[in-house]
file my_file-v1.cif (mmCIF, N, CA and C atoms)
data_coords
#
loop_
_atom_site.label_atom_id
_atom_site.label_comp_id
_atom_site.auth_asym_id
_atom_site.auth_seq_id
_atom_site.Cartn_x
_atom_site.Cartn_y
_atom_site.Cartn_z
N ARG A 1 0.13 25.69 -22.42
CA ARG A 1 1.13 24.62 -22.42
C ARG A 1 0.71 23.55 -23.43
N LEU A 2 1.65 23.06 -24.20
CA LEU A 2 1.36 22.08 -25.23
C LEU A 2 1.69 20.67 -24.74
N GLN A 3 0.93 19.72 -25.21
CA GLN A 3 1.15 18.31 -24.89
C GLN A 3 1.59 17.59 -26.16
N ASP A 4 2.44 16.61 -25.99
CA ASP A 4 2.87 15.77 -27.11
C ASP A 4 2.69 14.32 -26.69
N PHE A 5 1.59 13.73 -27.13
CA PHE A 5 1.28 12.37 -26.72
C PHE A 5 2.21 11.35 -27.37
N ILE A 6 2.70 11.63 -28.55
CA ILE A 6 3.66 10.74 -29.21
C ILE A 6 4.98 10.76 -28.44
N GLY A 7 5.40 11.94 -28.01
CA GLY A 7 6.61 12.05 -27.20
C GLY A 7 6.48 11.35 -25.86
N GLN A 8 5.28 11.44 -25.26
CA GLN A 8 5.05 10.75 -23.99
C GLN A 8 5.14 9.24 -24.16
N LYS A 9 4.62 8.75 -25.27
CA LYS A 9 4.69 7.31 -25.54
C LYS A 9 6.15 6.89 -25.75
N ARG A 10 6.91 7.73 -26.46
CA ARG A 10 8.32 7.44 -26.69
C ARG A 10 9.09 7.41 -25.38
N VAL A 11 8.84 8.38 -24.51
CA VAL A 11 9.50 8.42 -23.20
C VAL A 11 9.15 7.18 -22.38
N ASP A 12 7.89 6.78 -22.40
CA ASP A 12 7.47 5.59 -21.67
C ASP A 12 8.20 4.36 -22.17
N SER A 13 8.29 4.21 -23.49
CA SER A 13 8.99 3.05 -24.07
C SER A 13 10.48 3.06 -23.72
N ILE A 14 11.10 4.22 -23.84
CA ILE A 14 12.53 4.33 -23.52
C ILE A 14 12.77 3.98 -22.06
N ALA A 15 11.93 4.52 -21.17
CA ALA A 15 12.11 4.28 -19.74
C ALA A 15 11.93 2.80 -19.41
N ARG A 16 10.92 2.17 -19.98
CA ARG A 16 10.68 0.75 -19.69
C ARG A 16 11.84 -0.13 -20.15
N VAL A 17 12.27 0.07 -21.38
CA VAL A 17 13.35 -0.75 -21.94
C VAL A 17 14.67 -0.48 -21.21
N ALA A 18 14.97 0.79 -20.98
CA ALA A 18 16.23 1.14 -20.32
C ALA A 18 16.27 0.62 -18.89
N LEU A 19 15.17 0.75 -18.15
CA LEU A 19 15.16 0.25 -16.78
C LEU A 19 15.26 -1.27 -16.72
N ALA A 20 14.61 -1.95 -17.66
CA ALA A 20 14.73 -3.41 -17.70
C ALA A 20 16.16 -3.82 -18.02
N ALA A 21 16.77 -3.16 -18.99
CA ALA A 21 18.16 -3.48 -19.35
C ALA A 21 19.11 -3.16 -18.20
N CYS A 22 18.89 -2.05 -17.53
CA CYS A 22 19.75 -1.67 -16.40
C CYS A 22 19.60 -2.65 -15.25
N THR A 23 18.40 -3.13 -15.02
CA THR A 23 18.18 -4.10 -13.96
C THR A 23 18.94 -5.39 -14.25
N ILE A 24 18.84 -5.88 -15.46
CA ILE A 24 19.54 -7.11 -15.84
C ILE A 24 21.05 -6.91 -15.77
N ALA A 25 21.53 -5.79 -16.29
CA ALA A 25 22.97 -5.53 -16.27
C ALA A 25 23.49 -5.38 -14.84
N SER A 26 22.75 -4.68 -14.00
CA SER A 26 23.16 -4.50 -12.61
C SER A 26 23.22 -5.84 -11.88
N PHE A 27 22.22 -6.66 -12.12
CA PHE A 27 22.21 -7.99 -11.49
C PHE A 27 23.40 -8.82 -11.97
N ALA A 28 23.67 -8.77 -13.27
CA ALA A 28 24.77 -9.56 -13.82
C ALA A 28 26.12 -9.11 -13.25
N VAL A 29 26.32 -7.80 -13.18
CA VAL A 29 27.58 -7.29 -12.63
C VAL A 29 27.72 -7.67 -11.16
N GLY A 30 26.64 -7.50 -10.41
CA GLY A 30 26.68 -7.86 -9.00
C GLY A 30 26.89 -9.34 -8.78
N TYR A 31 26.30 -10.15 -9.64
CA TYR A 31 26.46 -11.61 -9.53
C TYR A 31 27.90 -12.02 -9.81
N VAL A 32 28.46 -11.45 -10.87
CA VAL A 32 29.84 -11.79 -11.23
C VAL A 32 30.80 -11.36 -10.12
N LEU A 33 30.57 -10.18 -9.56
CA LEU A 33 31.47 -9.68 -8.51
C LEU A 33 31.06 -10.15 -7.11
N GLN A 34 29.92 -10.84 -7.01
CA GLN A 34 29.41 -11.34 -5.73
C GLN A 34 29.30 -10.22 -4.69
N SER A 35 28.66 -9.10 -5.14
CA SER A 35 28.55 -7.94 -4.26
C SER A 35 27.17 -7.31 -4.43
N LEU A 36 26.41 -7.30 -3.35
CA LEU A 36 25.11 -6.64 -3.37
C LEU A 36 25.28 -5.13 -3.44
N ARG A 37 26.34 -4.62 -2.83
CA ARG A 37 26.62 -3.18 -2.89
C ARG A 37 26.85 -2.73 -4.33
N VAL A 38 27.59 -3.48 -5.09
CA VAL A 38 27.84 -3.15 -6.50
C VAL A 38 26.53 -3.22 -7.28
N THR A 39 25.71 -4.23 -7.01
CA THR A 39 24.42 -4.36 -7.68
C THR A 39 23.56 -3.13 -7.44
N MET A 40 23.43 -2.74 -6.19
CA MET A 40 22.57 -1.59 -5.85
C MET A 40 23.16 -0.28 -6.36
N GLY A 41 24.48 -0.16 -6.30
CA GLY A 41 25.12 1.06 -6.82
C GLY A 41 24.96 1.20 -8.32
N ALA A 42 25.17 0.11 -9.04
CA ALA A 42 25.01 0.14 -10.50
C ALA A 42 23.56 0.44 -10.87
N PHE A 43 22.62 -0.15 -10.14
CA PHE A 43 21.21 0.10 -10.43
C PHE A 43 20.84 1.54 -10.12
N ALA A 44 21.35 2.08 -9.03
CA ALA A 44 21.04 3.47 -8.67
C ALA A 44 21.60 4.44 -9.71
N LEU A 45 22.82 4.22 -10.13
CA LEU A 45 23.41 5.10 -11.14
C LEU A 45 22.69 5.00 -12.48
N SER A 46 22.33 3.80 -12.87
CA SER A 46 21.63 3.64 -14.15
C SER A 46 20.22 4.23 -14.07
N THR A 47 19.57 4.12 -12.93
CA THR A 47 18.25 4.73 -12.77
C THR A 47 18.35 6.25 -12.85
N LEU A 48 19.38 6.81 -12.23
CA LEU A 48 19.60 8.25 -12.31
C LEU A 48 19.84 8.69 -13.75
N LEU A 49 20.62 7.91 -14.49
CA LEU A 49 20.88 8.22 -15.90
C LEU A 49 19.59 8.18 -16.73
N VAL A 50 18.76 7.18 -16.50
CA VAL A 50 17.49 7.08 -17.21
C VAL A 50 16.60 8.27 -16.86
N ALA A 51 16.58 8.67 -15.60
CA ALA A 51 15.78 9.82 -15.19
C ALA A 51 16.25 11.09 -15.88
N VAL A 52 17.55 11.27 -16.01
CA VAL A 52 18.08 12.45 -16.71
C VAL A 52 17.69 12.41 -18.19
N MET A 53 17.58 11.21 -18.75
CA MET A 53 17.21 11.09 -20.16
C MET A 53 15.74 11.38 -20.42
N VAL A 54 14.85 11.06 -19.47
CA VAL A 54 13.42 11.13 -19.78
C VAL A 54 12.63 12.15 -18.99
N VAL A 55 13.12 12.64 -17.85
CA VAL A 55 12.31 13.55 -17.04
C VAL A 55 12.31 14.99 -17.55
N PRO A 56 13.46 15.60 -17.91
CA PRO A 56 13.40 16.98 -18.38
C PRO A 56 12.63 17.09 -19.70
N PRO A 57 12.03 18.23 -19.95
CA PRO A 57 11.26 18.41 -21.20
C PRO A 57 12.18 18.67 -22.40
N TRP A 58 12.89 17.65 -22.82
CA TRP A 58 13.80 17.79 -23.96
C TRP A 58 12.99 18.08 -25.22
N PRO A 59 13.52 18.90 -26.12
CA PRO A 59 12.80 19.23 -27.36
C PRO A 59 12.53 18.01 -28.25
N VAL A 60 13.37 16.99 -28.15
CA VAL A 60 13.18 15.80 -28.99
C VAL A 60 11.86 15.10 -28.66
N TYR A 61 11.35 15.28 -27.44
CA TYR A 61 10.10 14.65 -27.03
C TYR A 61 8.89 15.55 -27.25
N ASN A 62 9.08 16.70 -27.89
CA ASN A 62 7.98 17.63 -28.12
C ASN A 62 7.91 18.02 -29.60
N ARG A 63 8.01 17.04 -30.46
CA ARG A 63 7.99 17.31 -31.90
C ARG A 63 6.59 17.33 -32.49
N HIS A 64 5.61 16.78 -31.79
CA HIS A 64 4.24 16.70 -32.30
C HIS A 64 3.27 17.30 -31.28
N PRO A 65 3.37 18.62 -31.05
CA PRO A 65 2.50 19.21 -30.02
C PRO A 65 1.04 19.24 -30.45
N VAL A 66 0.17 19.08 -29.47
CA VAL A 66 -1.28 19.16 -29.71
C VAL A 66 -1.72 20.54 -29.25
N ARG A 67 -2.32 21.27 -30.14
CA ARG A 67 -2.80 22.61 -29.78
C ARG A 67 -4.24 22.49 -29.29
N TRP A 68 -4.47 22.95 -28.06
CA TRP A 68 -5.79 22.85 -27.47
C TRP A 68 -6.62 24.07 -27.89
N ARG A 69 -7.90 23.85 -27.99
CA ARG A 69 -8.82 24.94 -28.35
C ARG A 69 -8.93 25.93 -27.22
N LYS A 70 -9.01 27.19 -27.56
CA LYS A 70 -9.22 28.21 -26.55
C LYS A 70 -10.70 28.51 -26.48
N ASP A 71 -11.20 28.61 -25.25
CA ASP A 71 -12.64 28.88 -25.08
C ASP A 71 -12.96 30.35 -25.20
#
call {"tool": "encode", "arguments": {"input": "my_file-v1.cif", "output": "structure tokens"}}
result
Amino acid sequence: RLQDFIGQKRVDSIARVALAACTIASFAVGYVLQSLRVTMGAFALSTLLVAVMVVPPWPVYNRHPVRWRKD
């Protein structure tokens, strides 16, 4: 199995920025609509979307594989 440390760093950055943006957007929407249910629903959907973007082993995140030595 190959590892791509550059791809892992990219996924980490994407997840951090996307989750922060989703948190702010969810709070803003919930505040404007004065609904905690809308806030939690928007946050849950956006978290699910971020998970779909970063959890599967997409080829875009495996462009710089590290080949390990065989013993």
call {"tool": "resolve_selection", "arguments": {"input": "my_file-v1.cif", "expression": "the PyMOL selection byres (((chain A and resi 63-66 and name CA) around 10) and name CA)", "output": "list in words"}}
result
Arg1, Leu2, Gln3, Asp4, Phe5, Ile6, Gly7, Trp58, Pro59, Val60, Tyr61, Asn62, Arg67, Trp68 and Arg69 of chain A
call {"tool": "resolve_selection", "arguments": {"input": "my_file-v1.cif", "expression": "the PyMOL selection byres (((chain A and resi 11 and name CA) around 12) and name CA)", "output": "list of chain:residue names"}}
result
A:Asp4, A:Phe5, A:Ile6, A:Gly7, A:Gln8, A:Lys9, A:Arg10, A:Asp12, A:Ser13, A:Ile14, A:Ala15, A:Arg16, A:Val17, A:Ala18, A:Leu19, A:Val50, A:Ala51, A:Val52, A:Met53, A:Val54, A:Val55, A:Pro56, A:Pro57, A:Trp58, A:Val60, A:Tyr61, A:Asn62
call {"tool": "write_last_selection", "arguments": {"input": "my_file-v1.cif", "atoms": "N, CA and C atoms", "output": "JSON list (two decimals), in the coordinates of the input"}}
result
[["chain", "number", "residue", "atom", "x", "y", "z"],
["A", 4, "ASP", "N", 2.44, 16.61, -25.99],
["A", 4, "ASP", "CA", 2.87, 15.77, -27.11],
["A", 4, "ASP", "C", 2.69, 14.32, -26.69],
["A", 5, "PHE", "N", 1.59, 13.73, -27.13],
["A", 5, "PHE", "CA", 1.28, 12.37, -26.72],
["A", 5, "PHE", "C", 2.21, 11.35, -27.37],
["A", 6, "ILE", "N", 2.70, 11.63, -28.55],
["A", 6, "ILE", "CA", 3.66, 10.74, -29.21],
["A", 6, "ILE", "C", 4.98, 10.76, -28.44],
["A", 7, "GLY", "N", 5.40, 11.94, -28.01],
["A", 7, "GLY", "CA", 6.61, 12.05, -27.20],
["A", 7, "GLY", "C", 6.48, 11.35, -25.86],
["A", 8, "GLN", "N", 5.28, 11.44, -25.26],
["A", 8, "GLN", "CA", 5.05, 10.75, -23.99],
["A", 8, "GLN", "C", 5.14, 9.24, -24.16],
["A", 9, "LYS", "N", 4.62, 8.75, -25.27],
["A", 9, "LYS", "CA", 4.69, 7.31, -25.54],
["A", 9, "LYS", "C", 6.15, 6.89, -25.75],
["A", 10, "ARG", "N", 6.91, 7.73, -26.46],
["A", 10, "ARG", "CA", 8.32, 7.44, -26.69],
["A", 10, "ARG", "C", 9.09, 7.41, -25.38],
["A", 12, "ASP", "N", 7.89, 6.78, -22.40],
["A", 12, "ASP", "CA", 7.47, 5.59, -21.67],
["A", 12, "ASP", "C", 8.20, 4.36, -22.17],
["A", 13, "SER", "N", 8.29, 4.21, -23.49],
["A", 13, "SER", "CA", 8.99, 3.05, -24.07],
["A", 13, "SER", "C", 10.48, 3.06, -23.72],
["A", 14, "ILE", "N", 11.10, 4.22, -23.84],
["A", 14, "ILE", "CA", 12.53, 4.33, -23.52],
["A", 14, "ILE", "C", 12.77, 3.98, -22.06],
["A", 15, "ALA", "N", 11.93, 4.52, -21.17],
["A", 15, "ALA", "CA", 12.11, 4.28, -19.74],
["A", 15, "ALA", "C", 11.93, 2.80, -19.41],
["A", 16, "ARG", "N", 10.92, 2.17, -19.98],
["A", 16, "ARG", "CA", 10.68, 0.75, -19.69],
["A", 16, "ARG", "C", 11.84, -0.13, -20.15],
["A", 17, "VAL", "N", 12.27, 0.07, -21.38],
["A", 17, "VAL", "CA", 13.35, -0.75, -21.94],
["A", 17, "VAL", "C", 14.67, -0.48, -21.21],
["A", 18, "ALA", "N", 14.97, 0.79, -20.98],
["A", 18, "ALA", "CA", 16.23, 1.14, -20.32],
["A", 18, "ALA", "C", 16.27, 0.62, -18.89],
["A", 19, "LEU", "N", 15.17, 0.75, -18.15],
["A", 19, "LEU", "CA", 15.16, 0.25, -16.78],
["A", 19, "LEU", "C", 15.26, -1.27, -16.72],
["A", 50, "VAL", "N", 18.76, 7.18, -16.50],
["A", 50, "VAL", "CA", 17.49, 7.08, -17.21],
["A", 50, "VAL", "C", 16.60, 8.27, -16.86],
["A", 51, "ALA", "N", 16.58, 8.67, -15.60],
["A", 51, "ALA", "CA", 15.78, 9.82, -15.19],
["A", 51, "ALA", "C", 16.25, 11.09, -15.88],
["A", 52, "VAL", "N", 17.55, 11.27, -16.01],
["A", 52, "VAL", "CA", 18.08, 12.45, -16.71],
["A", 52, "VAL", "C", 17.69, 12.41, -18.19],
["A", 53, "MET", "N", 17.58, 11.21, -18.75],
["A", 53, "MET", "CA", 17.21, 11.09, -20.16],
["A", 53, "MET", "C", 15.74, 11.38, -20.42],
["A", 54, "VAL", "N", 14.85, 11.06, -19.47],
["A", 54, "VAL", "CA", 13.42, 11.13, -19.78],
["A", 54, "VAL", "C", 12.63, 12.15, -18.99],
["A", 55, "VAL", "N", 13.12, 12.64, -17.85],
["A", 55, "VAL", "CA", 12.31, 13.55, -17.04],
["A", 55, "VAL", "C", 12.31, 14.99, -17.55],
["A", 56, "PRO", "N", 13.46, 15.60, -17.91],
["A", 56, "PRO", "CA", 13.40, 16.98, -18.38],
["A", 56, "PRO", "C", 12.63, 17.09, -19.70],
["A", 57, "PRO", "N", 12.03, 18.23, -19.95],
["A", 57, "PRO", "CA", 11.26, 18.41, -21.20],
["A", 57, "PRO", "C", 12.18, 18.67, -22.40],
["A", 58, "TRP", "N", 12.89, 17.65, -22.82],
["A", 58, "TRP", "CA", 13.80, 17.79, -23.96],
["A", 58, "TRP", "C", 12.99, 18.08, -25.22],
["A", 60, "VAL", "N", 13.37, 16.99, -28.15],
["A", 60, "VAL", "CA", 13.18, 15.80, -28.99],
["A", 60, "VAL", "C", 11.86, 15.10, -28.66],
["A", 61, "TYR", "N", 11.35, 15.28, -27.44],
["A", 61, "TYR", "CA", 10.10, 14.65, -27.03],
["A", 61, "TYR", "C", 8.89, 15.55, -27.25],
["A", 62, "ASN", "N", 9.08, 16.70, -27.89],
["A", 62, "ASN", "CA", 7.98, 17.63, -28.12],
["A", 62, "ASN", "C", 7.91, 18.02, -29.60]]
call {"tool": "atom_distance", "arguments": {"input": "my_file-v1.cif", "atom1": "atom CA of Val29 of chain A", "atom2": "atom C of Leu49 of chain A"}}
result
17.9 Å
call {"tool": "residues_around", "arguments": {"input": "my_file-v1.cif", "residues": "Ser26 of chain A", "least_positions_apart": "4", "cutoff": "8 Å", "atoms": "only N, CA and C atoms", "output": "ChimeraX atom specification"}}
result
/A:20-22,30-32,38-44
call {"tool": "atom_distance", "arguments": {"input": "my_file-v1.cif", "atom1": "atom CA of Ser46 of chain A", "atom2": "atom N of Leu33 of chain A"}}
result
17.1 Å
call {"tool": "atom_distance", "arguments": {"input": "my_file-v1.cif", "atom1": "atom CA of Arg37 of chain A", "atom2": "atom C of Ala25 of chain A"}}
result
12.5 Å
call {"tool": "axis_aligned_box", "arguments": {"input": "my_file-v1.cif", "around": "segment 48-61 of chain A", "padding_each_side": "6 Å", "output": "lines of an AutoDock Vina configuration file"}}
result
center_x = 14.9
center_y = 13.0
center_z = -20.6
size_x = 24.0
size_y = 24.4
size_z = 28.8
call {"tool": "select_by_dssp", "arguments": {"input": "my_file-v1.cif", "residues": "segment 10-71 of chain A", "states": "alpha helix (DSSP H)", "output": "PyMOL selection string"}}
result
chain A and resi 10-33+36-54
